[in-house]
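Written out below as structure tokens is the structure these notes cover.
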Amino acid sequence: MRRLLAILLSLPLLGATSPAPDAPAPALAPLAFEQIAPGGTKMPRFMIDAAWPAMPPDLLLGQVSGVAVGPDDSVWVVHRPHSLTATDTGLAQDPPIAVCCKPAPPVVRFASDGRYLGGWGGPDSAPSIDGVSQWPSSLHGIFVDKAGTIWFSGNGKGDHVVLNYSADGRYIRSFGRRDKTGGNDATDLLGNPSDVNHSEDMVLISDGYINRRVIGFGAKSNAYKGRWGAYGKPPVAPTRTGDFDQSHAVDPGKVADPKAPIFADIVHCVVPTRDGHVYVCDRNNNRAQLFRRSKTGDLIFVRDLVIAGDTGGTHTVTDIAFSPDPDQTYLYVADMMNGRIWILRRATHEVLGAIGRIGRHAGQFTWLHSIDTDSQGNLYATEVNTGRRVQKLVFTGIE
């Protein structure tokens, strides 16, 4: 057995990262679907591509905490290499103890057809302040703006920073500072930000795991523009005491209140629309809140959007995406606890149906976390905890 292992460990696979495989042939399969609207109601339909993506044979993804589609339809993900164990990454041990695998770079890019296009990131790529790298210890959320630059955040210990990079991995700028947080009233510090968006000359951040607010900065000046709590009121909710860890996500003492006057303790996404509105995911209250952007950039409350309001556990609303048509006719809502993506008509917020279910096979979800759509209407979905993957849901038409 030792001789066999020695032979395997000497194979070329164990040197530099193996060349990325060609695009896989699609392997379409059905996924769970529930129609909720009356019979005959048309809505987007999907199948799962079980062959997507094609990772290099010696690389492995950990918890995939964010996905974002760029203007060229390339698919970007951030994952958590630290969530992999030594038995996952035997090739990376010194000396190697297995024929596979090594952690993929923290920020990874795929072509829409599934080809691996490379990756980058890590503490050495970020600036240091007082000798402390500003790179997050646990990446959370990713966004690609119209210029193709990449934004992401973190929710690990001391991860109070949002970072902005070029597509080839060069640092551009950041908001906040590692290991420093100042609560909901701070205008220059963050508290475990969960998500970020850069559009219409504004950088909006859902600030998110320690704080309970949305905060905005000028995209050109980087200057503070405003901060908002639930219903667009000043963010008065208490901040988290201590560092966030995954046990907080399954705390049975956290009971959703979809009518709560304040955000619960995981403000999980900030997602603007093309027509001047913004959705904010209030995950532990099983709701999103919809806001309208004023001419001055303020967020004006419009309505609550409750998703499976009685759900417990990890709760429901983790991310939001839209169909790619000019009117963004359909709204997709990721539901972590129920392992499904809800399909709504955005104009009325009528729930039309849902796709997916809890599970580990293709088209099923374990800790469904982040979603986005491409220009063809395909959906991409990521999973954390023990899910550790990104999946492509192929749009097959409106039926």
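Every chain in the structure tokens takes a letter, A first, then B, and so on in the order presented; its residues are numbered from 1, and the ligands are numbered from 1 following the presented order.
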* Asked: Just asking: which residues within region 137-305 of chain A are strand (DSSP E) according to DSSP, as number ranges by chain?
  -> A: 139-144, 150-154, 161-165, 171-176, 193-199, 202-207, 213-218, 224-228, 267-272, 277-282, 287-293, 299-305
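Neighbouring residues of Asp327 (chain A) at 10 Å or closer, counting only C-alpha atoms and skipping chain neighbours under 6 positions away, are Thr273, Arg274, Asp275, Arg346 and Ala347 of chain A.
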Residues just named, written with N, CA, C and O atoms as an mmCIF file, in the first residue's frame:
```cif
data_model
loop_
_atom_site.group_PDB
_atom_site.id
_atom_site.type_symbol
_atom_site.label_atom_id
_atom_site.label_comp_id
_atom_site.auth_asym_id
_atom_site.auth_seq_id
_atom_site.Cartn_x
_atom_site.Cartn_y
_atom_site.Cartn_z
ATOM 1 N N THR A 273 -32.289 47.295 -8.102
ATOM 2 C CA THR A 273 -32.947 47.004 -9.367
ATOM 3 C C THR A 273 -32.536 48.048 -10.398
ATOM 4 O O THR A 273 -31.896 49.045 -10.073
ATOM 5 N N ARG A 274 -32.957 47.839 -11.641
ATOM 6 C CA ARG A 274 -32.666 48.821 -12.689
ATOM 7 C C ARG A 274 -33.557 50.048 -12.594
ATOM 8 O O ARG A 274 -33.249 51.088 -13.182
ATOM 9 N N ASP A 275 -34.686 49.942 -11.902
ATOM 10 C CA ASP A 275 -35.637 51.048 -11.870
ATOM 11 C C ASP A 275 -35.613 51.815 -10.548
ATOM 12 O O ASP A 275 -36.614 52.381 -10.123
ATOM 13 N N ARG A 346 -42.195 40.302 -10.154
ATOM 14 C CA ARG A 346 -41.651 41.423 -9.388
ATOM 15 C C ARG A 346 -42.645 42.576 -9.250
ATOM 16 O O ARG A 346 -42.691 43.240 -8.200
ATOM 17 N N ALA A 347 -43.449 42.840 -10.245
ATOM 18 C CA ALA A 347 -44.357 43.987 -10.196
ATOM 19 C C ALA A 347 -45.350 43.881 -9.046
ATOM 20 O O ALA A 347 -45.742 44.892 -8.452
#
```
* Asked: Any idea what's packed within 9 Å of Leu368 (chain A), counting only C-alpha atoms, ignoring anything in its chain fewer than 6 positions away? Could you give it as an MDAnalysis selection string?
  -> chainID A and resid 318 334:341 358 381:384 387
* Smallest atom-to-atom distance to Ile205 (chain A): which of A:Arg45, A:His140, A:Arg357, A:His349, using only C-alpha atoms? ->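 Comparing A:Arg45, A:His140, A:Arg357, A:His349 against Ile205 (chain A), the winner is A:His140.
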* All residues 10 Å or closer to Arg177 (chain A), only C-alpha atoms, same chain fewer than 6 positions away omitted, as number ranges by chain -> A: 129, 132-135, 158-163, 188-191
